[in-house]
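Shown next: start_13.txt, given as compact mmCIF, C-alpha atoms.
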# COMPACT_ATOMS: atom_id res chain seq x y z
CA MET A 26 -27.62 14.33 -12.12
CA ARG A 27 -26.25 10.87 -12.96
CA TYR A 28 -27.95 7.74 -11.68
CA VAL A 29 -25.15 5.42 -10.60
CA ARG A 30 -24.36 2.24 -8.75
CA GLY A 31 -22.24 1.91 -5.63
CA THR A 32 -21.68 -0.62 -2.87
CA VAL A 33 -23.26 0.24 0.45
CA LEU A 34 -22.59 -1.28 3.86
CA HIS A 35 -25.88 -1.01 5.78
CA ALA A 36 -24.59 -2.97 8.77
CA ILE A 37 -21.41 -4.85 9.56
CA SER A 38 -21.07 -7.83 7.19
CA ASP A 39 -24.26 -6.85 5.34
CA TYR A 40 -23.38 -5.58 1.89
CA GLY A 41 -25.39 -4.72 -1.16
CA ILE A 42 -25.22 -2.69 -4.36
CA ALA A 43 -27.48 0.34 -4.29
CA GLU A 44 -28.43 2.83 -6.97
CA GLY A 45 -28.72 6.55 -6.47
CA ASP A 46 -27.60 9.98 -7.60
CA ALA A 47 -23.92 10.54 -8.23
CA PRO A 48 -22.22 12.60 -5.50
CA GLN A 49 -21.72 16.17 -6.66
CA PRO A 50 -18.49 18.11 -6.08
CA GLY A 51 -18.67 21.05 -3.72
CA PRO A 52 -16.20 23.96 -3.60
CA GLY A 53 -12.65 22.69 -3.85
CA GLN A 54 -13.79 19.19 -4.82
CA VAL A 55 -13.56 17.00 -7.92
CA GLN A 56 -15.98 14.35 -9.13
CA ILE A 57 -14.23 11.31 -10.62
CA ARG A 58 -15.65 8.55 -12.78
CA VAL A 59 -13.98 5.60 -11.10
CA ALA A 60 -12.18 3.07 -13.27
CA ALA A 61 -10.39 1.11 -10.54
CA CYS A 62 -10.21 1.07 -6.76
CA GLY A 63 -7.46 -0.52 -4.69
CA ILE A 64 -8.40 -2.74 -1.73
CA GLY A 65 -6.05 -3.01 1.22
CA TYR A 66 -6.18 -5.03 4.40
CA VAL A 67 -7.16 -1.91 6.37
CA ASP A 68 -10.08 -1.23 4.00
CA VAL A 69 -11.55 -4.59 4.93
CA LEU A 70 -10.93 -4.10 8.64
CA VAL A 71 -12.73 -0.75 8.50
CA ALA A 72 -15.69 -2.28 6.68
CA LEU A 73 -15.89 -5.11 9.21
CA GLY A 74 -15.70 -2.75 12.15
CA GLY A 75 -12.34 -4.16 13.24
CA TYR A 76 -10.27 -1.02 12.78
CA GLN A 77 -9.58 1.73 15.32
CA VAL A 78 -11.64 4.13 13.20
CA LYS A 79 -15.27 2.97 12.90
CA PRO A 80 -17.25 3.86 9.76
CA SER A 81 -20.58 5.61 9.99
CA LEU A 82 -23.36 3.63 8.34
CA PRO A 83 -24.36 3.30 5.59
CA HIS A 84 -20.75 3.02 4.43
CA THR A 85 -19.25 2.63 0.95
CA PRO A 86 -15.73 1.15 1.16
CA GLY A 87 -12.71 2.16 -0.91
CA GLN A 88 -10.26 5.05 -0.65
CA GLU A 89 -7.65 4.58 -3.41
CA ILE A 90 -9.19 5.35 -6.78
CA ALA A 91 -8.12 6.02 -10.33
CA GLY A 92 -10.26 7.26 -13.18
CA THR A 93 -11.19 10.38 -15.13
CA VAL A 94 -12.36 13.77 -13.93
CA SER A 95 -16.09 14.07 -14.67
CA ALA A 96 -17.01 17.35 -12.92
CA ILE A 97 -15.23 20.14 -11.08
CA GLY A 98 -16.42 22.20 -8.11
CA ASP A 99 -15.97 25.92 -7.61
CA GLY A 100 -12.46 27.12 -6.92
CA VAL A 101 -10.71 24.10 -8.44
CA ALA A 102 -7.71 24.96 -10.63
CA GLY A 103 -5.27 22.89 -12.63
CA LEU A 104 -7.67 20.13 -13.63
CA SER A 105 -10.06 19.64 -16.55
CA VAL A 106 -12.91 17.26 -17.26
CA GLY A 107 -11.44 14.17 -18.92
CA ASP A 108 -8.09 14.29 -17.11
CA ARG A 109 -6.75 10.88 -16.03
CA VAL A 110 -6.13 10.97 -12.28
CA LEU A 111 -5.54 9.05 -9.10
CA ALA A 112 -7.01 10.28 -5.83
CA ALA A 113 -7.76 9.57 -2.21
CA ALA A 114 -11.52 9.49 -1.77
CA GLN A 115 -14.12 8.01 0.51
CA GLY A 116 -16.58 5.67 -1.18
CA GLY A 117 -14.41 4.33 -3.99
CA PHE A 118 -16.54 1.23 -4.53
CA ALA A 119 -18.86 3.18 -6.81
CA GLU A 120 -19.09 4.41 -10.38
CA TYR A 121 -18.50 8.01 -9.25
CA ALA A 122 -16.72 9.42 -6.21
CA VAL A 123 -15.83 12.89 -4.95
CA ALA A 124 -12.36 13.84 -3.75
CA SER A 125 -10.75 16.97 -2.37
CA ARG A 126 -8.73 18.80 -5.04
CA ASP A 127 -5.53 18.52 -3.03
CA SER A 128 -5.75 14.72 -3.04
CA VAL A 129 -6.12 14.46 -6.85
CA PHE A 130 -3.06 13.95 -9.08
CA ARG A 131 -2.90 13.71 -12.86
CA ILE A 132 -1.33 10.51 -14.19
CA PRO A 133 0.43 9.81 -17.51
CA ASP A 134 -1.29 7.87 -20.27
CA LYS A 135 1.16 4.98 -19.89
CA LEU A 136 0.09 4.38 -16.27
CA ALA A 137 -2.90 2.02 -16.29
CA PHE A 138 -5.78 2.80 -13.97
CA ALA A 139 -5.36 -0.51 -12.10
CA SER A 140 -1.69 0.25 -11.49
CA ALA A 141 -2.47 3.83 -10.45
CA ALA A 142 -5.02 2.57 -7.90
CA SER A 143 -2.22 0.65 -6.17
CA LEU A 144 0.25 3.52 -6.14
CA ARG A 145 -0.79 6.03 -3.51
CA LEU A 146 -0.84 4.22 -0.18
CA ASN A 147 1.45 1.25 -0.80
CA TYR A 148 4.21 3.01 -2.68
CA LEU A 149 3.99 6.16 -0.58
CA THR A 150 4.34 3.98 2.53
CA ALA A 151 7.41 2.30 1.06
CA LEU A 152 9.08 5.54 -0.02
CA HIS A 153 8.37 7.35 3.25
CA GLY A 154 9.50 4.36 5.31
CA LEU A 155 12.70 3.65 3.42
CA ARG A 156 13.77 7.22 2.73
CA ASP A 157 12.58 9.16 5.79
CA ARG A 158 12.35 6.62 8.59
CA ALA A 159 15.17 4.22 7.68
CA ASN A 160 17.44 6.64 5.80
CA LEU A 161 18.20 3.76 3.45
CA GLN A 162 21.51 4.29 1.68
CA ARG A 163 22.66 3.07 -1.71
CA GLY A 164 24.41 -0.27 -1.36
CA GLU A 165 22.76 -1.18 1.94
CA ARG A 166 21.00 -4.51 2.41
CA LEU A 167 17.20 -4.37 2.74
CA LEU A 168 15.12 -7.26 4.07
CA VAL A 169 11.42 -7.14 3.16
CA LEU A 170 9.04 -9.37 5.12
CA GLY A 171 5.69 -10.19 3.53
CA ALA A 172 7.31 -9.23 0.25
CA ALA A 173 4.50 -10.48 -2.01
CA GLY A 174 1.82 -8.32 -0.40
CA GLY A 175 0.79 -4.94 -1.73
CA VAL A 176 3.07 -2.84 0.48
CA GLY A 177 5.76 -5.53 0.53
CA ILE A 178 6.23 -5.62 -3.24
CA ALA A 179 6.18 -1.82 -3.24
CA ALA A 180 9.08 -1.85 -0.76
CA VAL A 181 10.97 -4.31 -2.97
CA GLN A 182 10.61 -2.02 -5.99
CA VAL A 183 11.27 1.25 -4.16
CA GLY A 184 14.23 -0.29 -2.35
CA LYS A 185 15.79 -1.22 -5.67
CA LEU A 186 15.18 2.29 -7.03
CA LEU A 187 16.96 3.70 -3.97
CA GLY A 188 19.96 1.48 -4.70
CA ALA A 189 19.57 -1.23 -2.06
CA GLU A 190 20.32 -4.93 -2.27
CA VAL A 191 16.93 -6.53 -1.59
CA ILE A 192 16.19 -9.86 0.10
CA ALA A 193 12.49 -10.72 -0.05
CA VAL A 194 10.78 -13.07 2.41
CA ALA A 195 7.54 -14.82 1.41
CA SER A 196 5.66 -17.91 2.55
CA THR A 197 5.18 -19.85 -0.71
CA GLU A 198 7.19 -20.56 -3.83
CA ASP A 199 4.67 -18.66 -5.95
CA LYS A 200 4.99 -15.62 -3.71
CA ARG A 201 8.78 -15.82 -3.75
CA ALA A 202 8.73 -16.00 -7.54
CA PHE A 203 6.43 -12.96 -7.57
CA ALA A 204 8.89 -11.03 -5.37
CA ARG A 205 11.79 -12.06 -7.56
CA GLU A 206 9.95 -10.85 -10.66
CA GLY A 207 9.33 -7.59 -8.79
CA GLY A 208 13.07 -7.01 -8.53
CA ALA A 209 14.29 -8.83 -5.40
CA ASP A 210 17.93 -9.90 -5.62
CA ARG A 211 17.33 -12.96 -3.43
CA VAL A 212 14.33 -14.61 -1.85
CA LEU A 213 13.88 -16.49 1.40
CA ASP A 214 11.14 -18.65 2.93
CA SER A 215 9.36 -17.77 6.18
CA VAL A 216 9.72 -21.05 8.09
CA VAL A 217 10.84 -20.02 11.59
CA GLU A 218 13.02 -23.06 12.34
CA GLY A 219 16.56 -22.38 11.11
CA TRP A 220 15.47 -19.10 9.51
CA ARG A 221 18.20 -16.94 11.02
CA GLU A 222 20.87 -19.26 9.67
CA ARG A 223 19.33 -19.15 6.19
CA LEU A 224 19.12 -15.35 6.39
CA LYS A 225 22.77 -15.12 7.44
CA GLU A 226 23.72 -17.23 4.44
CA ALA A 227 21.62 -15.03 2.15
CA CYS A 228 23.46 -12.01 3.61
CA ASN A 229 26.86 -13.59 2.90
CA GLY A 230 27.54 -14.04 6.59
CA GLY A 231 26.27 -10.64 7.69
CA GLY A 232 22.84 -9.21 8.36
CA PRO A 233 20.38 -6.72 6.88
CA ASP A 234 20.86 -3.00 7.42
CA VAL A 235 17.14 -2.27 7.14
CA ILE A 236 14.07 -4.45 7.73
CA PHE A 237 10.73 -3.46 6.23
CA ASP A 238 8.10 -5.31 8.24
CA PRO A 239 4.36 -5.01 7.44
CA LEU A 240 3.65 -8.29 9.27
CA CYS A 241 5.30 -8.14 12.72
CA GLY A 242 4.60 -11.85 13.02
CA PRO A 243 6.69 -14.85 14.12
CA LEU A 244 9.81 -13.57 12.33
CA PHE A 245 9.76 -10.18 14.06
CA GLU A 246 12.25 -10.96 16.82
CA PRO A 247 14.48 -13.32 14.79
CA ALA A 248 14.74 -10.62 12.13
CA PHE A 249 15.59 -7.89 14.65
CA ARG A 250 18.24 -10.12 16.25
CA SER A 251 19.78 -10.58 12.79
CA LEU A 252 20.25 -6.86 12.08
CA ALA A 253 23.66 -5.52 11.25
CA TRP A 254 25.23 -2.91 13.53
CA ARG A 255 23.16 0.31 13.47
CA GLY A 256 20.36 -1.53 11.71
CA ARG A 257 16.82 -0.15 11.45
CA HIS A 258 13.69 -2.26 11.78
CA LEU A 259 10.61 -0.57 10.32
CA VAL A 260 7.27 -1.42 11.94
CA VAL A 261 4.74 -0.94 9.13
CA GLY A 262 1.77 -3.06 10.22
CA PHE A 263 0.53 -6.04 12.19
CA VAL A 264 -0.96 -8.38 9.61
CA GLY A 265 0.93 -11.27 11.23
CA GLY A 266 -1.53 -11.63 14.12
CA GLU A 267 -0.82 -10.90 17.79
CA ILE A 268 1.41 -7.85 18.23
CA PRO A 269 4.88 -9.04 19.34
CA ARG A 270 7.07 -7.65 22.10
CA LEU A 271 10.80 -6.92 22.08
CA ARG A 272 13.20 -6.87 25.01
CA VAL A 273 14.72 -3.40 25.26
CA ASN A 274 18.27 -4.72 25.66
CA LEU A 275 18.24 -5.93 22.05
CA PRO A 276 18.31 -2.45 20.44
CA LEU A 277 21.13 -1.53 22.82
CA MET A 278 23.22 -4.58 21.94
CA LYS A 279 22.73 -4.00 18.21
CA GLY A 280 23.04 -0.22 18.27
CA ALA A 281 19.78 -0.63 16.38
CA ALA A 282 16.51 1.26 16.06
CA LEU A 283 12.89 0.11 16.03
CA VAL A 284 11.07 2.71 13.93
CA GLY A 285 7.37 3.19 13.25
CA VAL A 286 6.00 3.97 9.79
CA ASP A 287 2.49 5.49 9.70
CA VAL A 288 1.66 6.85 6.27
CA ARG A 289 -1.70 8.23 7.43
CA GLN A 290 -0.06 10.51 9.97
CA PHE A 291 2.76 11.32 7.56
CA ALA A 292 0.19 12.64 5.08
CA LEU A 293 -1.58 14.49 7.89
CA PHE A 294 1.39 16.18 9.57
CA GLU A 295 3.73 16.48 6.56
CA ARG A 296 1.23 16.97 3.77
CA GLU A 297 3.52 18.99 1.49
CA LYS A 298 6.25 16.34 1.58
CA ALA A 299 3.74 13.50 1.16
CA ASP A 300 2.25 15.17 -1.92
CA ALA A 301 5.74 15.72 -3.34
CA TYR A 302 6.45 12.02 -2.87
CA VAL A 303 3.24 11.03 -4.69
CA LYS A 304 4.27 13.27 -7.60
CA GLU A 305 7.73 11.72 -7.56
CA LEU A 306 6.27 8.22 -7.72
CA ILE A 307 4.00 9.20 -10.60
CA ALA A 308 6.99 10.72 -12.39
CA TRP A 309 8.98 7.50 -11.92
CA ALA A 310 6.07 5.56 -13.41
CA GLY A 311 5.86 7.97 -16.35
CA GLU A 312 9.58 7.59 -17.00
CA GLY A 313 9.35 3.81 -16.90
CA ARG A 314 11.58 3.55 -13.81
CA LEU A 315 8.71 2.22 -11.71
CA SER A 316 6.00 -0.20 -12.80
CA PRO A 317 3.43 -0.39 -9.98
CA ILE A 318 2.31 -3.98 -9.57
CA GLU A 319 -1.38 -4.54 -9.15
CA GLY A 320 -2.62 -7.89 -7.92
CA ARG A 321 -5.70 -9.89 -8.77
CA ARG A 322 -8.49 -7.91 -10.43
CA PHE A 323 -12.18 -8.35 -9.64
CA ALA A 324 -15.26 -7.15 -11.49
CA PHE A 325 -17.46 -4.61 -9.73
CA ASN A 326 -20.22 -7.13 -8.99
CA ASP A 327 -17.67 -9.38 -7.27
CA PHE A 328 -16.73 -6.78 -4.65
CA ALA A 329 -17.55 -9.06 -1.70
CA GLU A 330 -15.26 -11.79 -3.06
CA ALA A 331 -12.59 -9.14 -3.68
CA MET A 332 -12.72 -7.98 -0.07
CA ALA A 333 -12.56 -11.53 1.25
CA TYR A 334 -9.56 -12.17 -0.98
CA ALA A 335 -7.79 -8.98 0.19
CA HIS A 336 -8.40 -10.05 3.78
CA SER A 337 -7.21 -13.63 3.30
CA GLY A 338 -3.47 -13.02 3.04
CA ARG A 339 -3.37 -15.18 -0.09
CA GLY A 340 -3.09 -12.29 -2.53
CA MET A 341 0.00 -10.99 -4.24
CA GLY A 342 0.22 -7.26 -4.89
CA LYS A 343 -2.70 -4.89 -4.38
CA THR A 344 -6.16 -6.34 -4.92
CA ILE A 345 -8.05 -4.23 -7.48
CA LEU A 346 -11.77 -3.69 -8.01
CA GLU A 347 -12.42 -2.73 -11.64
CA ILE A 348 -15.44 -0.45 -11.89
CA GLY A 349 -15.37 1.66 -15.02
Can I see the file as structure tokens?
Amino acid sequence: MRYVRGTVLHAISDYGIAEGDAPQPGPGQVQIRVAACGIGYVDVLVALGGYQVKPSLPHTPGQEIAGTVSAIGDGVAGLSVGDRVLAAAQGGFAEYAVASRDSVFRIPDKLAFASAASLRLNYLTALHGLRDRANLQRGERLLVLGAAGGVGIAAVQVGKLLGAEVIAVASTEDKRAFAREGGADRVLDSVVEGWRERLKEACNGGGPDVIFDPLCGPLFEPAFRSLAWRGRHLVVGFVGGEIPRLRVNLPLMKGAALVGVDVRQFALFEREKADAYVKELIAWAGEGRLSPIEGRRFAFNDFAEAMAYAHSGRGMGKTILEIG
């Protein structure tokens, strides 16, 4: 039995690092020595009690991990101790975590653990949204709002892989440069005044065919109004603050669709397809077609600062907690 460290939430906003026995894998489970854990906006909301699903206490945050297999439970096939993997697990802010076998995927040697820890949720959200919900076609124009965030930069990269022309919207010059380095063809600021005119110019007088929107903030309605005929506006999240409303005549006038993207329910109701997409993303990374972009990295002891940073909206890419 290993004696390990892990972060524990004893009460909302009361964190500490505790020591205890490593969690042991039961039947159909895998123990993983965690090297890196991704931190998303939702992870912080859950830990702060601000999400629709409340954690039971004590609670160890983190659900996107990458590391090496350290022990295998009964009935587990296709994995060996020492395999490099990414996984969905509860309690990723720890030196060891346990995951269900069907959520564990081997990763190639060329895929760094920090990059792998940003792959599952963000890039799966982007691929599911753009391929399944938007039916994005090669040569179409894709507008990505919040393009420097973890899921935004994933949409930029996946959109390019699917053959789209990508316009990235971000609030600062640094973030716009980040999106451009991630593959965006053009970048645009997020200042509301005159924004539609600047977007029209960026679209050579037209409008976007698909909007990928993890913010749903002040640009939500101006962006929808700018859609091309038969455009699709993907609602991915509400990081932008108060949830906006849309007059129902606007979709009619545009022949347009407002489409929800919920990767959690996608993985729940279409598990086989979701797993196939994760394998496809890993294969793209192994082939060098996709280079998952991790954001700022934090040491294990700085987990509280890492969560505050992930919650601030200042970060670019997926915030990573390095553990192993």
Next item on the list: Would you work out the distance separating atom CA of A:Ala112 from atom CA of A:Val129, expressed in Å to one decimal?
Entry: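 So the two atoms, atom CA of A:Ala112 and atom CA of A:Val129, lie 4.4 Å apart.
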Item checked: Shell of 10 Å around A:Val216, all atoms listed in the file, local chain residues under 2 positions omitted, as a PyMOL selection string -> chain A and resi 194-197+213-214+218-221+223+243-244
Margin query: Rounded to one decimal, what separation in Å do you get between atom CA of A:Phe323 and atom CA of A:Pro83?
Written below: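 Taking atom CA of A:Phe323 and atom CA of A:Pro83, their separation equals 22.7 Å.
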Can you list every residue of stretch 116-148 of chain A that has an atom at most 12 Å from stretch 68-77 of chain A, with its nearest atom pair and the distance in Å to one decimal, using only C-alpha atoms, ordered by chain then number, as JSON lines?
{"residue": "A:Gly116", "atom": "CA", "partner": "A:Asp68", "partner_atom": "CA", "distance": 10.8}
{"residue": "A:Gly117", "atom": "CA", "partner": "A:Asp68", "partner_atom": "CA", "distance": 10.7}
{"residue": "A:Phe118", "atom": "CA", "partner": "A:Asp68", "partner_atom": "CA", "distance": 11.0}
{"residue": "A:Leu146", "atom": "CA", "partner": "A:Asp68", "partner_atom": "CA", "distance": 11.5}
Expected file contents, prior selection, C-alpha atoms, as a short mmCIF file (atom, residue, chain, number, x, y, z; two decimals), in the coordinates of the input:
data_model
loop_
_atom_site.label_atom_id
_atom_site.label_comp_id
_atom_site.auth_asym_id
_atom_site.auth_seq_id
_atom_site.Cartn_x
_atom_site.Cartn_y
_atom_site.Cartn_z
CA GLY A 116 -16.58 5.67 -1.18
CA GLY A 117 -14.41 4.33 -3.99
CA PHE A 118 -16.54 1.23 -4.53
CA LEU A 146 -0.84 4.22 -0.18
#
Check: When distances are computed from only C-alpha atoms, which of A:Asp199, A:Val264, A:Ser251, A:Glu222 shows the smallest separation from A:Val67?
Finding: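 Closest candidate: A:Val264.
Between atom CA of A:Gln88 and atom CA of A:Arg289 lies a distance of 12.2 Å.
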With all atoms listed in the file counted and 10 Å as the cut-off, give the residues of stretch 64-155 of chain A in contact with stretch 162-185 of chain A, each with its shortest interatomic distance in Å and the pair that gives it, as a tab-separated table.
residue	atom	partner	partner_atom	distance
A:Ile64	CA	A:Gly175	CA	9.4
A:Gly65	CA	A:Gly175	CA	7.7
A:Tyr66	CA	A:Gly175	CA	9.3
A:Ser143	CA	A:Gly175	CA	7.7
A:Leu144	CA	A:Ala179	CA	8.5
A:Leu146	CA	A:Val176	CA	8.1
A:Asn147	CA	A:Val176	CA	4.6
A:Tyr148	CA	A:Ala179	CA	5.2
A:Leu149	CA	A:Ala179	CA	8.7
A:Thr150	CA	A:Val176	CA	7.2
A:Ala151	CA	A:Ala180	CA	4.8
A:Leu152	CA	A:Val183	CA	6.4
A:Gly154	CA	A:Ala180	CA	8.7
A:Leu155	CA	A:Gly184	CA	7.2
Margin query: Just want the 9 Å neighbourhood of A:Asp127, counted on all atoms listed in the file, with same-chain residues fewer than 2 positions away dropped. Output as a list in words.
Written below: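 So, after excluding close chain neighbours, the residues are Gly53, Gln54, Ala112, Ala124, Ser125, Val129, Phe130 and Asp300 of chain A.
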